[in-house]
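Visitor: Please find one structure pasted underneath; my questions will follow.
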Amino acid sequence: MRDSARLLRRGRAALAAAVAAGLLLAGAAAPPAALASPAGARPGTPVPVQLLSITDLHGYFGDYTTTVPGARAGEPARQVGGGAYLTTHLKQRQAGQRNSILFSAGDDFSGWPNETGWFWNEPTIEYLNSVGLEFSTVGNHEMDRGYEFLRHMDDGTCRWRPDNDICFTDSTGRRFHGADYDYYSGSLVDDRNGKPKMPPYHVEYVSDGHGGRLPVGFVHATTKLMSEEQMSYTPEGFDFLDEADTVNKYAAELRRQGVKAIVAVIHEGFSQEAGAGYDECVNPFGPMYDANARISADVDAIVTGHWHALVNCMLPDPAGNPRPVVEAANHGRLFNEINLQLDPRTGEVLRDRTTSVNHANTQDVTPDPETLRIADYWRAELAKRSNLPAGRVTGDLTRAPGDSAESTMYNVTADAFLWAANKDGKADLAVAMPGILRRDVKYAADPANPADAPGQVLFSEIALGTVYDTGIGVGLVRGDVTGAQLDKLLESQWQQAADGTVTYRQMAVSGNVTYRYDLSRPVGDRVDPGSVRIGGKPLKSRSTYRIATLANNFFAKNATPGFTALFDAGKQDRSLYNGGDALWRYLEKASPVRPPALNRATPVPSS
């Protein structure tokens, strides 16, 4: 039954995409279901529509306990969290509702919990399918590993990763088949033609209680900061348009089709004054608070995400009429409920009857058994994967204290980056920035783990979320730099504070790179450009070199402090590998791995 519903939703999505792409010409006959007067609609009692939404789940559907403040300032904090409790709360709110629509404002996956992250967040899709999620807006983290990864999660395609580490068996014994719901965004566009890559809007139909249906339109947008600040790496060929402009464009399109009730679902956020309750609106601020004044009065409610904020507002639209503008936290701590009342004759939202509330996902209800079963399955799979051999080493791979010297662990990481970058593209060298690694790899077996053995590296030792401080597993990116820019990057290892003190943070280079430095020279001029060799050849300041490293170092917002030389790298493209699986697959292929010699960066002897 759910597969049939999915096919119907995909039909609507295809229609919306066709309209957005201009395939339905102006003046052409629109779809009868969109234009016809609501069949069977009668004057009388308004038609209720319940909108239930979550945002920024990030894969936290397993065991998870945290707190939220009280619903009002001064009320005690509440213990919340956990997918099984969230499922129960959602079912309870839906009970007895003739028209209930459950959706997400984005960042469903790219999660941090190992039971989701170690399986490429496919478990998150299984959970959202199980609760009957009907659609989701594309968040920035849906693009963490590129558009193909989003397509994989949406459509279930198994042709994504180069090492086939994908399409796991779910808790029912079925191979991963993708979301039973659809992803939407009108602001994620092809930068060559400006057309949306995903359907920009769609229509849900609700019962009017008399045998007829009323349309409710949803328009979708993703934070434009994907382009401006690169919170997640935007692959070449994509752009993100202004959220308010996007919403207004497609809200007008829906009105032209005869849809009067319109909801904007935007993966961009806002917040309120510190100390306010989760169901309050005290001195709100942020992008969506500002955008509300620009978003057409045709839009009856705005559901946001991205900021992980707890705020529930009724704000005036440009015509002065109040509408809900809400954000329901993250990780399943809250969910939002908006109740619309539709005029049964026109389908318009009766604004004066609209209500909105943020609900806490408290742990005082019976956890949903189906969600518990799914979570238990993936925890068991996690335990199995933890003990899988991932490679062998002949000695310890260790970091230097404070990353203040060349180290075997960082050198191997740089080598892994270069190997991975050349598996699905081309790179001349790779670098591993200081501060990205949180642990060493030891030769000795873990005495507490019978599955371990001397020299053996288990998957759990180098997997996503274990070895890297980059959290979600930032992807590898390649870009073109000049020899002069590369020299500047090497010089960035020495950073001088205002009081004159100099800090050295070693940046590992791949094994095909060597250079000398002179500590007697001033900061900014310590690397001898004539000593730099890449693949045995001298560095040339005007030549172009393709460099690979973690994506965050190619843009200002999240780069390692002081390392700015990659900001202007040209022809950037993204590898399908991220940092965690690059190291994992490199150790696997290159085993047994010997600790590299510490001779890539050589000091000039003092005179």
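Residue numbering restarts at 1 in every chain; chains get A, B, ... in the order shown in the structure tokens, and ligands count up from 1 in that same order.
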Hey, could you make a per-residue contact list for range 243-298 of chain A against range 41-65 of chain A with 12 Å as the cut-off, showing the nearest pair of atoms and its distance in Å to one decimal, counting only C-alpha atoms, sorted by chain and number, as a tab-separated table?
Guide:
residue	atom	partner	partner_atom	distance
A:Ala261	CA	A:Val49	CA	10.3
A:Ile262	CA	A:Leu51	CA	11.8
A:Val263	CA	A:Leu51	CA	9.6
A:Ala264	CA	A:Leu51	CA	11.8
A:Val265	CA	A:Ser53	CA	9.6
A:Ile266	CA	A:Thr55	CA	10.1
A:His267	CA	A:Thr55	CA	8.4
A:Glu268	CA	A:Thr55	CA	10.5
A:Gly269	CA	A:Thr55	CA	10.5
Visitor: Can you list, as a compact mmCIF listing (two decimals) with N, CA and C atoms, in the first residue's frame, every protein, DNA or RNA residue that comes within 12 Å of Val467 in chain A when you count only C-alpha atoms, leaving out same-chain residues fewer than 4 positions away?
Guide:
# COMPACT_ATOMS: atom_id res chain seq x y z
N LEU A 397 50.46 3.88 14.58
CA LEU A 397 50.28 5.13 13.85
C LEU A 397 49.85 6.17 14.88
N THR A 398 50.72 7.15 15.14
CA THR A 398 50.48 8.07 16.24
C THR A 398 50.52 9.52 15.77
N ARG A 399 49.85 10.37 16.54
CA ARG A 399 49.88 11.82 16.32
C ARG A 399 50.95 12.44 17.20
N MET A 409 50.53 9.10 11.95
CA MET A 409 49.08 9.02 11.76
C MET A 409 48.60 10.03 10.73
N TYR A 410 49.13 11.24 10.81
CA TYR A 410 48.74 12.26 9.84
C TYR A 410 49.30 11.96 8.45
N THR A 413 47.14 9.45 6.84
CA THR A 413 45.87 10.08 6.47
C THR A 413 46.01 10.86 5.17
N GLY A 435 44.47 19.06 13.53
CA GLY A 435 43.25 19.14 14.32
C GLY A 435 42.13 18.23 13.88
N ILE A 436 42.30 17.49 12.78
CA ILE A 436 41.16 16.69 12.30
C ILE A 436 41.10 15.30 12.92
N LEU A 437 42.19 14.83 13.52
CA LEU A 437 42.23 13.46 14.03
C LEU A 437 42.09 13.44 15.55
N ARG A 438 41.32 12.50 16.06
CA ARG A 438 41.10 12.44 17.50
C ARG A 438 41.72 11.21 18.17
N ARG A 439 42.31 10.28 17.40
CA ARG A 439 42.89 9.11 18.03
C ARG A 439 44.00 8.53 17.18
N ASP A 440 44.80 7.66 17.81
CA ASP A 440 45.86 6.94 17.13
C ASP A 440 45.36 5.54 16.76
N VAL A 441 46.14 4.87 15.93
CA VAL A 441 45.87 3.46 15.60
C VAL A 441 47.03 2.65 16.18
N LEU A 458 40.50 -2.78 13.33
CA LEU A 458 39.08 -3.06 13.20
C LEU A 458 38.35 -1.85 12.61
N PHE A 459 37.22 -2.13 12.00
CA PHE A 459 36.43 -1.06 11.40
C PHE A 459 36.12 0.04 12.41
N SER A 460 35.82 -0.36 13.64
CA SER A 460 35.45 0.62 14.67
C SER A 460 36.59 1.56 15.02
N GLU A 461 37.83 1.19 14.70
CA GLU A 461 38.98 2.04 15.05
C GLU A 461 39.17 3.21 14.09
N ILE A 462 38.66 3.08 12.87
CA ILE A 462 38.92 4.14 11.89
C ILE A 462 37.65 4.60 11.17
N ALA A 463 36.49 4.20 11.67
CA ALA A 463 35.25 4.53 10.99
C ALA A 463 34.83 5.96 11.26
N GLY A 471 33.28 15.10 12.74
CA GLY A 471 31.91 14.77 13.09
C GLY A 471 31.17 14.01 12.02
N ILE A 472 30.53 14.70 11.10
CA ILE A 472 29.66 14.05 10.13
C ILE A 472 30.43 13.40 9.00
N GLY A 473 31.73 13.52 8.98
CA GLY A 473 32.48 12.87 7.93
C GLY A 473 32.51 13.70 6.66
N GLY A 579 36.34 11.61 4.53
CA GLY A 579 37.59 11.36 5.24
C GLY A 579 37.65 10.00 5.89
N GLY A 580 36.54 9.58 6.53
CA GLY A 580 36.54 8.32 7.26
C GLY A 580 36.73 7.11 6.36
N ASP A 581 35.95 7.03 5.29
CA ASP A 581 36.07 5.83 4.46
C ASP A 581 37.29 5.89 3.56
N ALA A 582 37.86 7.07 3.32
CA ALA A 582 39.13 7.12 2.59
C ALA A 582 40.22 6.40 3.38
N LEU A 583 40.30 6.70 4.67
CA LEU A 583 41.30 6.04 5.51
C LEU A 583 41.02 4.56 5.64
N TRP A 584 39.76 4.21 5.82
CA TRP A 584 39.38 2.80 5.94
C TRP A 584 39.77 2.02 4.70
Visitor: Using only C-alpha atoms, I'd like a table of the residues in range 183-209 of chain A that come within 12 Å of range 124-143 of chain A; for each, show the closest atom pair and its distance in Å rounded to one decimal, ordered by chain and ascending number, as a tab-separated table.
Guide:
residue	atom	partner	partner_atom	distance
A:Tyr183	CA	A:Ser136	CA	5.0
A:Tyr184	CA	A:Thr137	CA	4.9
A:Ser185	CA	A:Val138	CA	5.8
A:Gly186	CA	A:Thr137	CA	9.3
A:Ser187	CA	A:Val138	CA	9.5
A:Leu188	CA	A:Val138	CA	8.3
A:Val189	CA	A:Val138	CA	11.9
A:Pro196	CA	A:Val138	CA	11.8
A:Lys197	CA	A:Val138	CA	10.8
A:Met198	CA	A:Val138	CA	8.7
A:Pro199	CA	A:Thr137	CA	10.0
A:Pro200	CA	A:Thr137	CA	9.2
A:Tyr201	CA	A:Thr137	CA	9.6
A:His202	CA	A:Phe135	CA	9.6
A:Val203	CA	A:Phe135	CA	10.9
A:Glu204	CA	A:Glu134	CA	9.5
Visitor: For Arg78 in chain A, find every residue with an atom within 8 Å (counting only C-alpha atoms), except residues of its own chain fewer than 3 positions away, and show them as a list of chain:residue names.
Guide: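 In the requested form, the answer reads A:Thr67, A:Val68, A:Pro69, A:Gly70, A:Ala360, A:Thr362.
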Visitor: The selected residues should be written to file as a PDB file, in the first residue's frame (atoms: N, CA and C atoms).
Guide:
ATOM      1  N   THR A  67      17.529  17.043  27.000  1.00  0.00           N
ATOM      2  CA  THR A  67      16.511  17.874  27.628  1.00  0.00           C
ATOM      3  C   THR A  67      16.136  19.035  26.717  1.00  0.00           C
ATOM      4  N   VAL A  68      14.987  19.616  27.007  1.00  0.00           N
ATOM      5  CA  VAL A  68      14.588  20.902  26.436  1.00  0.00           C
ATOM      6  C   VAL A  68      14.124  21.768  27.593  1.00  0.00           C
ATOM      7  N   PRO A  69      14.155  23.084  27.425  1.00  0.00           N
ATOM      8  CA  PRO A  69      13.595  23.937  28.479  1.00  0.00           C
ATOM      9  C   PRO A  69      12.089  23.729  28.565  1.00  0.00           C
ATOM     10  N   GLY A  70      11.452  24.351  29.535  1.00  0.00           N
ATOM     11  CA  GLY A  70      10.011  24.248  29.616  1.00  0.00           C
ATOM     12  C   GLY A  70       9.332  24.932  28.450  1.00  0.00           C
ATOM     13  N   ALA A 360       6.919  18.658  23.091  1.00  0.00           N
ATOM     14  CA  ALA A 360       8.145  17.986  23.525  1.00  0.00           C
ATOM     15  C   ALA A 360       8.013  16.482  23.316  1.00  0.00           C
ATOM     16  N   THR A 362       8.569  13.826  24.961  1.00  0.00           N
ATOM     17  CA  THR A 362       8.830  13.333  26.303  1.00  0.00           C
ATOM     18  C   THR A 362       8.886  11.809  26.333  1.00  0.00           C
TER      19      THR A 362
END
Visitor: Would you kindly return, as a list in words, each protein, DNA or RNA residue with an atom no farther than 7 Å from any atom of range 270-272 of chain A, considering only C-alpha atoms and excluding same-chain residues fewer than 2 positions away?
Guide: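 Listed by chain and then number, they are Ala274, Cys281, Val282, Asn283, Pro284, Phe285, Gly286, Pro287, Met288, Tyr289, Trp307, Ala309, Leu310 and Val311 of chain A.
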Visitor: Calculated over only C-alpha atoms, which of the candidates A:Gly117, A:Gly96, A:Gly106, A:Gly83 has the smallest distance to Leu382 in chain A?
Guide: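 Smallest separation from Leu382 in chain A among the options: A:Gly117.
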